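Shown next: run.cif, given as mmCIF, C-alpha atoms.
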data_input
loop_
_atom_site.label_atom_id
_atom_site.label_comp_id
_atom_site.auth_asym_id
_atom_site.auth_seq_id
_atom_site.Cartn_x
_atom_site.Cartn_y
_atom_site.Cartn_z
CA MET A 1 -26.97 12.77 21.33
CA HIS A 2 -28.08 16.21 20.27
CA VAL A 3 -31.66 17.08 20.99
CA ASP A 4 -32.78 20.42 19.69
CA THR A 5 -36.36 21.15 20.43
CA ALA A 6 -35.94 24.85 20.91
CA ILE A 7 -39.03 26.18 19.25
CA SER A 8 -39.20 29.67 17.97
CA VAL A 9 -42.17 30.96 16.05
CA LYS A 10 -41.21 34.17 14.35
CA VAL A 11 -43.45 36.39 12.33
CA SER A 12 -42.10 36.69 8.80
CA PRO A 13 -40.90 40.16 7.69
CA SER A 14 -43.79 40.53 5.25
CA GLU A 15 -46.29 39.54 7.95
CA GLU A 16 -44.65 41.95 10.36
CA THR A 17 -44.85 44.76 7.80
CA HIS A 18 -48.50 43.96 7.17
CA GLU A 19 -49.16 43.93 10.92
CA LEU A 20 -47.49 47.32 11.40
CA GLU A 21 -49.46 48.71 8.48
CA LEU A 22 -52.70 47.46 10.05
CA ILE A 23 -51.76 49.07 13.37
CA ARG A 24 -51.00 52.36 11.62
CA ARG A 25 -54.36 52.29 9.83
CA ILE A 26 -56.24 51.54 13.06
CA GLN A 27 -54.43 54.30 14.90
CA ASN A 28 -55.43 56.66 12.07
CA GLY A 29 -59.09 55.85 12.60
CA GLU A 30 -59.70 52.79 10.42
CA ARG A 31 -60.82 50.80 13.43
CA GLU A 32 -62.87 48.26 11.52
CA VAL A 33 -59.67 46.40 10.51
CA PHE A 34 -58.86 45.64 14.15
CA TYR A 35 -60.26 42.12 13.95
CA GLU A 36 -57.94 41.36 11.05
CA LEU A 37 -55.05 42.36 13.31
CA VAL A 38 -56.04 40.23 16.32
CA GLN A 39 -57.52 37.28 14.48
CA PRO A 40 -54.20 35.33 14.30
CA TYR A 41 -53.65 35.83 18.05
CA GLN A 42 -57.04 34.76 19.41
CA ARG A 43 -55.83 31.31 20.37
CA ARG A 44 -52.77 32.66 22.12
CA VAL A 45 -54.76 35.22 24.06
CA TYR A 46 -57.19 32.51 25.12
CA ALA A 47 -54.33 30.20 26.14
CA ALA A 48 -52.73 32.99 28.17
CA ALA A 49 -55.99 33.63 30.00
CA PHE A 50 -56.48 29.90 30.52
CA ALA A 51 -53.00 29.62 31.99
CA VAL A 52 -54.02 32.00 34.75
CA LEU A 53 -57.65 31.08 35.30
CA ARG A 54 -57.62 27.34 34.54
CA ASN A 55 -61.24 27.42 33.46
CA PRO A 56 -62.45 27.61 29.84
CA ALA A 57 -65.44 29.88 30.48
CA ASP A 58 -63.47 32.35 32.62
CA ALA A 59 -60.61 32.20 30.13
CA GLU A 60 -62.92 33.13 27.26
CA ASP A 61 -64.37 36.07 29.17
CA ALA A 62 -60.92 37.32 30.11
CA ALA A 63 -59.53 36.79 26.61
CA GLN A 64 -62.35 38.72 24.98
CA GLU A 65 -62.13 41.50 27.53
CA ALA A 66 -58.38 41.70 26.94
CA ILE A 67 -58.90 42.05 23.19
CA LEU A 68 -61.51 44.78 23.77
CA LYS A 69 -59.05 46.58 26.03
CA ALA A 70 -56.37 46.30 23.37
CA PHE A 71 -58.89 47.78 20.92
CA ALA A 72 -59.63 50.66 23.27
CA HIS A 73 -55.93 51.39 23.89
CA ILE A 74 -54.43 50.61 20.50
CA GLY A 75 -53.51 54.28 20.25
CA GLN A 76 -51.04 53.77 23.09
CA PHE A 77 -49.24 50.88 21.41
CA ARG A 78 -45.73 51.73 20.35
CA SER A 79 -43.82 49.43 18.06
CA GLU A 80 -40.99 49.04 20.56
CA SER A 81 -42.38 45.62 21.48
CA ARG A 82 -44.13 43.03 19.37
CA PHE A 83 -47.88 43.47 19.12
CA SER A 84 -48.41 39.85 20.19
CA THR A 85 -46.36 40.39 23.35
CA TRP A 86 -48.30 43.55 24.18
CA LEU A 87 -51.61 41.75 23.59
CA ILE A 88 -50.65 38.73 25.69
CA GLN A 89 -49.47 40.99 28.48
CA ILE A 90 -52.92 42.62 28.53
CA ALA A 91 -54.51 39.15 28.61
CA ILE A 92 -52.32 38.03 31.52
CA ASN A 93 -53.11 41.20 33.47
CA GLU A 94 -56.82 40.90 32.78
CA ALA A 95 -56.85 37.24 33.84
CA ARG A 96 -54.85 37.96 36.99
CA MET A 97 -57.24 40.74 37.92
CA ARG A 98 -60.17 38.37 37.51
CA ARG A 99 -58.43 35.69 39.53
CA ARG A 100 -57.90 38.11 42.39
CA ARG A 101 -61.46 39.33 42.16
CA GLU A 102 -63.14 35.98 41.93
CA HIS A 103 -60.82 34.04 44.23
CA ALA A 104 -60.55 31.36 41.62
CA GLY A 105 -57.65 29.64 43.30
CA ILE A 106 -59.77 27.44 45.54
CA MET A 107 -57.85 24.33 44.54
CA GLN A 108 -54.32 24.41 45.86
CA PRO A 109 -52.06 23.96 42.87
CA ILE A 110 -48.91 21.91 43.08
CA GLY A 111 -45.56 23.56 43.58
CA GLU A 112 -47.10 26.89 44.59
CA HIS A 113 -45.14 27.16 47.81
CA GLN A 114 -42.20 25.08 46.76
CA ASP A 115 -38.76 26.48 47.42
CA GLU A 116 -37.20 27.52 44.13
CA GLU A 117 -33.67 27.32 45.47
CA GLY A 118 -33.62 23.58 46.21
CA THR A 119 -32.99 20.98 43.54
CA TYR A 120 -36.11 19.54 41.99
CA ILE A 121 -35.74 15.78 41.90
CA PRO A 122 -37.64 14.19 39.03
CA ARG A 123 -39.42 10.93 39.74
CA GLU A 124 -38.52 7.68 38.09
CA PHE A 125 -41.00 6.33 35.63
CA PRO A 126 -40.97 3.86 32.78
CA ASP A 127 -39.72 5.44 29.59
CA TRP A 128 -41.86 8.02 27.93
CA ARG A 129 -39.62 8.27 24.98
CA GLU A 130 -41.83 9.22 22.12
CA ILE A 131 -45.24 10.75 21.70
CA PRO A 132 -47.08 10.19 18.47
CA SER A 133 -48.26 13.63 17.44
CA GLU A 134 -51.58 12.01 16.52
CA SER A 135 -52.27 11.62 20.24
CA LEU A 136 -53.20 15.31 20.34
CA GLU A 137 -56.06 14.60 18.01
CA ARG A 138 -57.69 12.77 20.90
CA ALA A 139 -59.79 14.84 23.23
CA GLU A 140 -58.83 12.81 26.32
CA VAL A 141 -55.14 13.48 25.73
CA ARG A 142 -55.78 17.19 25.37
CA GLU A 143 -57.86 17.14 28.55
CA LEU A 144 -55.12 15.32 30.40
CA LEU A 145 -52.54 17.88 29.30
CA LEU A 146 -54.76 20.79 30.28
CA GLU A 147 -55.55 19.23 33.64
CA ALA A 148 -51.87 18.73 34.33
CA LEU A 149 -51.15 22.31 33.35
CA ALA A 150 -53.99 23.60 35.50
CA SER A 151 -52.60 21.76 38.51
CA LEU A 152 -49.32 23.69 38.41
CA GLY A 153 -48.80 26.62 40.70
CA ASP A 154 -49.52 30.01 39.16
CA LYS A 155 -45.93 31.16 39.00
CA TYR A 156 -44.89 28.03 37.12
CA ARG A 157 -47.91 27.77 34.88
CA GLU A 158 -47.73 31.34 33.62
CA ILE A 159 -44.08 31.10 32.72
CA PHE A 160 -44.51 27.74 31.09
CA VAL A 161 -47.40 28.96 28.93
CA LEU A 162 -45.63 32.12 27.85
CA ARG A 163 -42.47 30.25 26.92
CA ASP A 164 -43.62 26.84 25.71
CA VAL A 165 -47.09 27.62 24.41
CA HIS A 166 -46.59 31.17 23.14
CA HIS A 167 -42.89 30.72 22.41
CA LEU A 168 -41.95 34.08 23.84
CA SER A 169 -38.23 34.50 24.44
CA ILE A 170 -36.88 34.27 27.99
CA GLU A 171 -36.39 38.05 27.92
CA GLU A 172 -39.96 38.65 26.76
CA VAL A 173 -41.34 36.37 29.47
CA ALA A 174 -39.25 38.21 32.06
CA GLY A 175 -40.51 41.55 30.75
CA THR A 176 -44.13 40.44 30.61
CA LEU A 177 -44.16 39.12 34.16
CA GLY A 178 -41.76 41.66 35.62
CA ILE A 179 -39.27 39.14 36.99
CA SER A 180 -35.61 38.39 36.35
CA ARG A 181 -34.31 36.24 33.53
CA ALA A 182 -32.80 33.84 36.09
CA SER A 183 -36.18 33.39 37.81
CA VAL A 184 -37.80 32.65 34.48
CA LYS A 185 -35.24 29.93 33.75
CA THR A 186 -35.49 28.36 37.21
CA ARG A 187 -39.29 28.28 37.18
CA LEU A 188 -39.42 27.08 33.61
CA LEU A 189 -37.18 24.11 34.46
CA ARG A 190 -39.38 23.19 37.41
CA ALA A 191 -42.56 23.59 35.42
CA ARG A 192 -41.30 21.29 32.70
CA LEU A 193 -40.09 18.66 35.16
CA MET A 194 -43.31 18.81 37.18
CA LEU A 195 -45.39 18.36 34.06
CA ARG A 196 -43.21 15.48 33.02
CA ASP A 197 -43.78 13.89 36.44
CA LEU A 198 -47.53 14.40 36.13
CA LEU A 199 -47.82 13.08 32.60
CA ALA A 200 -45.20 10.36 32.26
CA PRO A 201 -46.99 7.73 34.39
CA LYS A 202 -50.15 8.14 32.34
CA MET A 203 -48.60 8.56 28.95
CA SER A 204 -46.03 5.79 29.36
CA SER A 205 -48.32 3.19 30.95
CA GLY A 206 -50.24 2.68 27.77
CA TRP A 207 -53.31 4.53 29.02
CA PHE A 208 -53.77 6.18 25.73
CA SER A 209 -51.88 3.79 23.55
CA ARG A 210 -53.94 0.74 24.50
CA GLU A 211 -56.86 1.69 22.33
CA SER A 212 -54.86 2.77 19.34
CA PHE A 213 -52.37 -0.04 19.02
CA PRO A 214 -52.66 -3.79 19.53
CA LYS A 215 -50.70 -5.28 22.42
CA GLY A 216 -47.02 -5.71 21.62
CA ASN A 217 -47.27 -3.65 18.50
CA LYS A 218 -46.69 -0.14 19.85
CA PRO A 219 -44.45 2.14 17.85
CA TRP A 220 -42.32 3.06 20.86
CA MET B 1 -15.96 16.95 32.24
CA VAL B 2 -18.06 14.54 34.26
CA VAL B 3 -21.52 15.58 35.46
CA THR B 4 -23.76 14.01 38.09
CA CYS B 5 -27.43 13.18 37.62
CA GLU B 6 -28.38 16.13 39.81
CA GLN B 7 -26.38 18.52 37.64
CA VAL B 8 -28.04 17.05 34.58
CA TRP B 9 -31.53 17.68 35.97
CA GLN B 10 -30.62 21.28 36.64
CA GLU B 11 -29.52 21.76 33.06
CA ILE B 12 -32.14 19.77 31.19
CA SER B 13 -34.16 22.85 30.33
CA ASN B 14 -31.09 24.69 29.01
CA TYR B 15 -30.09 21.56 27.13
CA ILE B 16 -33.48 21.43 25.38
CA GLU B 17 -33.17 25.11 24.53
CA SER B 18 -29.60 24.69 23.26
CA ASP B 19 -28.53 27.27 25.79
CA LEU B 20 -25.38 25.57 27.14
CA ASP B 21 -21.63 25.94 26.82
CA PRO B 22 -20.34 23.46 24.25
CA SER B 23 -18.25 21.64 26.87
CA LEU B 24 -21.21 21.22 29.24
CA ARG B 25 -23.39 20.11 26.39
CA THR B 26 -20.89 17.42 25.43
CA ALA B 27 -20.74 16.27 29.06
CA LEU B 28 -24.52 15.96 29.19
CA ASP B 29 -24.58 14.08 25.88
CA GLU B 30 -22.11 11.56 27.32
CA HIS B 31 -24.15 11.27 30.52
CA PHE B 32 -27.36 10.52 28.63
CA HIS B 33 -25.56 7.68 26.85
CA ILE B 34 -24.62 5.98 30.09
CA CYS B 35 -27.60 6.91 32.30
CA PRO B 36 -30.98 5.55 31.12
CA GLY B 37 -32.78 7.31 33.99
CA CYS B 38 -31.60 10.76 32.92
CA ALA B 39 -32.19 9.89 29.26
CA SER B 40 -35.75 8.99 30.19
CA ILE B 41 -36.23 12.27 32.05
CA LEU B 42 -34.85 14.15 29.05
CA ALA B 43 -37.21 12.34 26.69
CA GLY B 44 -40.21 13.01 28.92
CA THR B 45 -39.34 16.70 29.36
CA ARG B 46 -38.80 17.07 25.65
CA ASN B 47 -42.22 15.49 25.06
CA VAL B 48 -43.79 18.02 27.41
CA VAL B 49 -42.28 20.91 25.44
CA GLN B 50 -43.32 19.35 22.16
CA LEU B 51 -46.90 18.56 23.17
CA TYR B 52 -47.66 21.90 24.81
CA GLY B 53 -46.10 23.76 21.90
CA ASP B 54 -48.55 22.17 19.49
CA GLU B 55 -51.23 24.55 18.29
CA ARG B 56 -53.88 21.85 18.51
CA LEU B 57 -53.75 21.74 22.29
CA PHE B 58 -55.44 25.06 22.96
CA GLN B 59 -58.50 25.06 20.80
CA LEU B 60 -60.72 28.08 20.93
CA PRO B 61 -64.18 27.43 22.36
CA LEU B 62 -66.81 27.04 19.68
CA GLY B 63 -68.16 30.40 18.55
CA PHE B 64 -65.35 32.36 20.20
CA SER B 65 -64.56 34.38 17.07
CA GLY B 66 -68.19 35.20 16.36
CA ARG B 67 -68.77 36.43 19.90
CA LEU B 68 -65.60 38.50 19.75
CA GLN B 69 -66.54 40.10 16.43
CA LYS B 70 -69.96 40.98 17.81
CA LYS B 71 -68.43 42.67 20.84
CA LEU B 72 -65.94 44.54 18.68
CA ALA B 73 -68.72 45.73 16.38
CA HIS B 74 -70.54 47.03 19.43
CA GLU B 75 -67.44 49.00 20.43
CA MET B 76 -66.94 50.57 17.00
CA PRO B 77 -67.50 54.32 16.95
CA PRO B 78 -70.19 55.50 14.54
CA LYS B 79 -68.78 56.23 11.11
CA ARG B 80 -68.18 59.83 10.11
CA GLY B 81 -70.51 61.09 7.39
CA THR B 82 -69.43 61.25 3.76
CA ILE B 83 -70.64 63.92 1.34
CA TYR B 84 -72.99 61.37 -0.20
CA GLY B 85 -74.33 60.57 3.25
CA TRP B 86 -74.97 64.20 3.99
CA VAL B 87 -76.82 64.66 0.67
CA VAL B 88 -79.04 61.66 1.42
CA ALA B 89 -79.72 62.93 4.93
CA ALA B 90 -80.61 66.41 3.65
CA ALA B 91 -82.96 64.95 1.05
CA ALA B 92 -84.66 62.86 3.73
CA VAL B 93 -85.15 65.92 5.93
CA ALA B 94 -86.62 67.85 2.98
CA ILE B 95 -89.06 65.06 2.19
CA ILE B 96 -90.20 64.81 5.79
CA ALA B 97 -90.58 68.58 6.12
CA GLY B 98 -92.53 68.70 2.84
CA GLY B 99 -94.81 65.92 4.02
CA ILE B 100 -95.54 67.73 7.25
CA ALA B 101 -96.28 70.97 5.40
CA LEU B 102 -98.63 69.24 2.97
CA SER B 103 -100.48 67.45 5.70
CA ARG B 104 -101.32 70.67 7.52
CA PRO B 105 -104.76 72.17 6.81
CA LYS B 106 -104.67 74.75 4.03
CA PRO B 107 -105.54 78.27 5.00
CA SER B 108 -108.72 79.46 3.31
CA ILE B 109 -107.91 81.70 0.39
CA PRO B 110 -110.29 84.62 0.01
CA PHE B 111 -111.74 84.68 -3.44
CA GLU B 112 -113.44 87.33 -5.49
CA VAL B 113 -116.79 86.72 -7.09
CA ARG B 114 -116.87 87.17 -10.79
CA SER B 115 -119.65 89.73 -10.61
CA PRO B 116 -119.13 92.64 -8.26
CA LEU B 117 -122.86 92.72 -7.57
CA ALA B 118 -123.17 89.05 -6.76
CA LYS B 119 -122.93 87.62 -3.25
CA PRO B 120 -121.24 84.32 -2.43
CA GLY B 121 -123.62 81.47 -1.95
CA LYS B 122 -124.58 80.32 1.50
CA HIS B 123 -125.62 76.89 2.75
CA VAL B 124 -124.89 75.19 -0.57
CA PRO B 125 -123.56 71.70 0.26
CA ALA B 126 -119.84 71.73 -0.54
CA LYS B 127 -119.89 68.31 -2.25
CA LEU B 128 -122.92 69.03 -4.39
CA THR B 129 -122.12 68.54 -8.07
CA VAL B 130 -122.82 71.70 -9.97
CA LEU B 131 -122.41 72.88 -13.56
CA VAL B 132 -120.83 76.02 -14.86
CA ALA B 133 -120.78 77.52 -18.34
CA GLY B 134 -117.42 78.79 -19.54
CA ASP B 135 -118.47 82.41 -19.96
CA SER B 136 -120.92 82.54 -17.08
CA LYS B 137 -120.52 83.79 -13.50
CA ILE B 138 -123.13 81.47 -12.03
CA PHE B 139 -123.18 77.79 -11.14
CA HIS B 140 -126.29 75.63 -11.49
CA ILE B 141 -127.58 72.21 -10.77
CA ALA B 142 -128.34 69.95 -13.71
CA GLY B 143 -131.58 70.75 -15.48
CA CYS B 144 -131.65 74.45 -14.65
CA ASP B 145 -133.30 76.47 -17.41
CA LEU B 146 -130.82 79.26 -17.04
CA LEU B 147 -127.80 77.08 -17.76
CA ARG B 148 -126.63 78.04 -21.19
CA ALA B 149 -123.27 78.37 -22.78
CA ARG B 150 -122.62 80.29 -25.95
CA ASP B 151 -119.64 78.17 -26.86
CA GLY B 152 -121.31 74.99 -25.58
CA ARG B 153 -118.64 74.35 -22.95
CA ILE B 154 -120.17 73.24 -19.68
CA ARG B 155 -118.04 71.95 -16.84
CA SER B 156 -119.07 70.03 -13.77
CA MET B 157 -117.42 70.46 -10.39
CA SER B 158 -118.26 70.58 -6.70
CA ALA B 159 -120.07 73.56 -5.30
CA GLU B 160 -117.06 74.26 -3.12
CA GLN B 161 -114.79 74.34 -6.16
CA ALA B 162 -117.22 76.55 -8.05
CA GLU B 163 -117.29 79.01 -5.20
CA HIS B 164 -113.52 78.96 -5.13
CA GLU B 165 -113.45 79.88 -8.77
CA GLY B 166 -115.67 82.85 -8.16
CA TYR B 167 -119.01 81.45 -9.33
CA VAL B 168 -122.15 82.27 -7.38
CA PRO B 169 -125.19 80.00 -7.00
CA CYS B 170 -128.06 80.41 -9.40
CA ILE B 171 -130.95 81.98 -7.56
CA ARG B 172 -133.49 79.99 -9.47
CA CYS B 173 -132.25 76.39 -9.37
CA LEU B 174 -130.19 76.52 -6.19
CA GLY B 175 -132.76 78.61 -4.46
CA LYS B 176 -135.33 75.88 -5.22
CA TYR B 177 -132.85 73.16 -4.30
CA LEU B 178 -131.96 74.75 -1.04
CA SER B 179 -135.59 75.38 -0.21
CA SER B 180 -136.56 71.79 -0.91
CA VAL B 181 -133.59 70.37 1.00
CA THR B 182 -134.25 72.64 3.93
CA LEU B 183 -137.91 71.77 3.92
CA GLU B 184 -137.15 68.05 3.81
CA PHE B 185 -134.71 68.43 6.71
CA LEU B 186 -137.18 70.36 8.80
CA LYS B 187 -139.94 67.85 8.06
CA ARG B 188 -137.75 64.88 9.01
CA HIS B 189 -136.51 66.26 12.29
CA PHE B 190 -139.47 68.19 13.49
CA SER B 191 -142.30 65.98 12.28
CA SER B 192 -143.37 65.55 15.86
CA GLY B 193 -145.40 68.72 15.44
CA ALA B 194 -142.90 71.39 16.11
CA LEU B 195 -143.75 72.90 12.75
CA ALA B 196 -147.40 72.42 13.00
#
Go ahead and express the file in the form of structure tokens.
Amino acid sequence: MHVDTAISVKVSPSEETHELELIRRIQNGEREVFYELVQPYQRRVYAAAFAVLRNPADAEDAAQEAILKAFAHIGQFRSESRFSTWLIQIAINEARMRRRREHAGIMQPIGEHQDEEGTYIPREFPDWREIPSESLERAEVRELLLEALASLGDKYREIFVLRDVHHLSIEEVAGTLGISRASVKTRLLRARLMLRDLLAPKMSSGWFSRESFPKGNKPW
Amino acid sequence: MVVTCEQVWQEISNYIESDLDPSLRTALDEHFHICPGCASILAGTRNVVQLYGDERLFQLPLGFSGRLQKKLAHEMPPKRGTIYGWVVAAAAVAIIAGGIALSRPKPSIPFEVRSPLAKPGKHVPAKLTVLVAGDSKIFHIAGCDLLRARDGRIRSMSAEQAEHEGYVPCIRCLGKYLSSVTLEFLKRHFSSGALA
């Protein structure tokens, strides 16, 4: 059985050229086109801030502040890294600064003090084989996913969001967070397994399927 | 190669990312075929990656873009002036300066009477309508016997304007007028017997 779910969202060459052209124009003083540059990344910046702060209102404030900081410092951006990576790094830093300042981590997240060296043992649950993509259309499913994500420890949640939500490469995640590639892979594995443990009982027990499909007629 | 469940769990993430040696990958594939527990864990983990990678999960709060654009607009530096802008600004300054200059009181311009022997009139009400003949040097009030024009051209204007143009009041009609006006004034205000 070959399962290939490696997801990689790459910017097309023409989009990349357009992006670089926009950056050049902004750096030369045409600052009014900045929104055109950041507009495709708003959601990612917000998600990055949410990954750290776990609160929509704080995440919006941090995301907007991060974009304003990127605007103020666009002159310092060098094309050695992708613009999206640079922007998300600013968002992560901004959100972390706010978290430190506001002591947002009142709720003790799971796995925060867990030993990374030991083997993580996944729990046994009934099969959660397939997820109809339509389930994401439902607000309660999205809330459940966000709650589960918010309950992860910071070091797992940030890596998971950068890799599986933003689709940064392992190297880019390591660079953004300033940790080794091996640490990224270890924490990513744990984050994925922990989320699976949090979600499988709810997603596989028919919680969300009960309303959509008649008994005995589920597609999985 | 035979792998244990524990080894499989450690490699599930790499398996999903297709980041495994071919031999290890084959071993995991075989394991998933014989171990429903690990196959279930794989399916669940794969679902996690799939669901969280979906763009619909993180929806921007309503109005996020509008608020962001407003903040960015606030941060925009003021635009540098174009030539057209400078011309418009200069014109505006000229209009304002002109308006101020026009609104200031005009300095009185000394005038010369038309006759070197005549004296400018005194106490003639400035708004009084007077008449002048084109070739004359004197202004009159209507009905004055001395108002005559050879060419028939008689103009009316205010006494102030007439004085400005160098005309002097007619001794006969304006003398009478001023006397009567002055007398009326004195009668009205001093009728209590001050004049008696």
Atomic distance atom CA of A:Ser14 - atom CA of B:Tyr52, expressed in Å with one decimal: 27.3 Å
So which residues get picked by the PyMOL selection byres ((chain B and resi 3-5) around 8) here, written as number ranges by chain? B: 1-2, 6-9, 27-28, 31, 38
Residues from the last selection, C-alpha atoms, saved as a compact mmCIF listing (two decimals), keeping the file's coordinate frame:
# COMPACT_ATOMS: atom_id res chain seq x y z
CA MET B 1 -15.96 16.95 32.24
CA VAL B 2 -18.06 14.54 34.26
CA GLU B 6 -28.38 16.13 39.81
CA GLN B 7 -26.38 18.52 37.64
CA VAL B 8 -28.04 17.05 34.58
CA TRP B 9 -31.53 17.68 35.97
CA ALA B 27 -20.74 16.27 29.06
CA LEU B 28 -24.52 15.96 29.19
CA HIS B 31 -24.15 11.27 30.52
CA CYS B 38 -31.60 10.76 32.92
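Take atom CA of A:Ala48 and atom CA of A:Leu162: the distance between them is 7.2 Å.
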Tell me as a PyMOL selection string which residues belonging to chain B come within 7 Å of chain A, counting all atoms listed in the file. chain B and resi 13+16-18+29+40+43-45+47-49+52-53+56-60+68+72
So which residues touch B:Asp151 within 12 Å, counting only C-alpha atoms, skipping near sequence neighbours fewer than 2 positions away, as a tab-separated table (two decimals) with C-alpha atoms, in the coordinates of the input?
chain	number	residue	atom	x	y	z
B	133	ALA	CA	-120.78	77.52	-18.34
B	134	GLY	CA	-117.42	78.79	-19.54
B	135	ASP	CA	-118.47	82.41	-19.96
B	136	SER	CA	-120.92	82.54	-17.08
B	148	ARG	CA	-126.63	78.04	-21.19
B	149	ALA	CA	-123.27	78.37	-22.78
B	153	ARG	CA	-118.64	74.35	-22.95
B	154	ILE	CA	-120.17	73.24	-19.68
B	155	ARG	CA	-118.04	71.95	-16.84
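Compared by their closest atoms to B:Pro169, and using all atoms listed in the file, the residues B:Arg46, B:Lys137, B:Arg67, B:His33 rank with B:Lys137 nearest.
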Long-range neighbours of B:Arg172 as a PyMOL selection string, 12 Å cut-off, all atoms listed in the file, 6 positions minimum in chain: chain B and resi 138-141+143-147+178-179
What is the distance, in Å and to one decimal place, between atom CA of B:Ile41 and atom CA of A:Leu53?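 The value is 28.7 Å.
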Shell of 10 Å around stretch 96-99 of chain A, all atoms listed in the file, local chain residues under 5 positions omitted, as a CSV table (one decimal) with C-alpha atoms, in the frame of the given file:
chain,number,residue,atom,x,y,z
A,49,ALA,CA,-56.0,33.6,30.0
A,51,ALA,CA,-53.0,29.6,32.0
A,52,VAL,CA,-54.0,32.0,34.8
A,53,LEU,CA,-57.6,31.1,35.3
A,54,ARG,CA,-57.6,27.3,34.5
A,58,ASP,CA,-63.5,32.4,32.6
A,59,ALA,CA,-60.6,32.2,30.1
A,61,ASP,CA,-64.4,36.1,29.2
A,62,ALA,CA,-60.9,37.3,30.1
A,90,ILE,CA,-52.9,42.6,28.5
A,91,ALA,CA,-54.5,39.2,28.6
A,104,ALA,CA,-60.6,31.4,41.6
A,105,GLY,CA,-57.6,29.6,43.3
A,154,ASP,CA,-49.5,30.0,39.2
A:Phe83 surroundings by all atoms listed in the file, 9 Å radius, close-in-sequence under 6 positions cut, as an MDAnalysis selection string: chainID A and resid 19:20 23 77
Write out the residues from the selection above, keeping C-alpha atoms, as a CSV table (one decimal), in the coordinates of the input.
chain,number,residue,atom,x,y,z
A,19,GLU,CA,-49.2,43.9,10.9
A,20,LEU,CA,-47.5,47.3,11.4
A,23,ILE,CA,-51.8,49.1,13.4
A,77,PHE,CA,-49.2,50.9,21.4
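Across A:Arg24, A:Glu15, A:Ile88, A:Val38, the tightest approach to A:Leu168 is made by A:Ile88 when counting all atoms listed in the file.
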Student task, stretch 87-98 of chain B output with N, CA and C atoms as an mmCIF file, in the first residue's frame:
data_model
loop_
_atom_site.group_PDB
_atom_site.id
_atom_site.type_symbol
_atom_site.label_atom_id
_atom_site.label_comp_id
_atom_site.auth_asym_id
_atom_site.auth_seq_id
_atom_site.Cartn_x
_atom_site.Cartn_y
_atom_site.Cartn_z
ATOM 1 N N VAL B 87 1.571 73.071 -9.346
ATOM 2 C CA VAL B 87 0.895 74.172 -10.050
ATOM 3 C C VAL B 87 -0.425 74.490 -9.354
ATOM 4 N N VAL B 88 -1.175 73.442 -9.022
ATOM 5 C CA VAL B 88 -2.462 73.627 -8.349
ATOM 6 C C VAL B 88 -2.253 74.314 -6.996
ATOM 7 N N ALA B 89 -1.235 73.852 -6.272
ATOM 8 C CA ALA B 89 -0.963 74.444 -4.959
ATOM 9 C C ALA B 89 -0.593 75.920 -5.087
ATOM 10 N N ALA B 90 0.237 76.243 -6.088
ATOM 11 C CA ALA B 90 0.658 77.633 -6.273
ATOM 12 C C ALA B 90 -0.535 78.509 -6.625
ATOM 13 N N ALA B 91 -1.425 77.973 -7.479
ATOM 14 C CA ALA B 91 -2.611 78.735 -7.863
ATOM 15 C C ALA B 91 -3.490 78.990 -6.642
ATOM 16 N N ALA B 92 -3.613 77.993 -5.795
ATOM 17 C CA ALA B 92 -4.437 78.139 -4.590
ATOM 18 C C ALA B 92 -3.865 79.219 -3.687
ATOM 19 N N VAL B 93 -2.544 79.213 -3.535
ATOM 20 C CA VAL B 93 -1.890 80.226 -2.689
ATOM 21 C C VAL B 93 -2.128 81.620 -3.260
ATOM 22 N N ALA B 94 -2.033 81.731 -4.599
ATOM 23 C CA ALA B 94 -2.232 83.039 -5.240
ATOM 24 C C ALA B 94 -3.650 83.545 -5.017
ATOM 25 N N ILE B 95 -4.605 82.629 -5.137
ATOM 26 C CA ILE B 95 -6.012 83.037 -4.947
ATOM 27 C C ILE B 95 -6.250 83.508 -3.519
ATOM 28 N N ILE B 96 -5.695 82.770 -2.572
ATOM 29 C CA ILE B 96 -5.890 83.132 -1.162
ATOM 30 C C ILE B 96 -5.244 84.492 -0.874
ATOM 31 N N ALA B 97 -3.999 84.643 -1.392
ATOM 32 C CA ALA B 97 -3.285 85.905 -1.146
ATOM 33 C C ALA B 97 -4.047 87.072 -1.771
ATOM 34 N N GLY B 98 -4.573 86.851 -2.988
ATOM 35 C CA GLY B 98 -5.343 87.895 -3.669
ATOM 36 C C GLY B 98 -6.579 88.266 -2.874
#
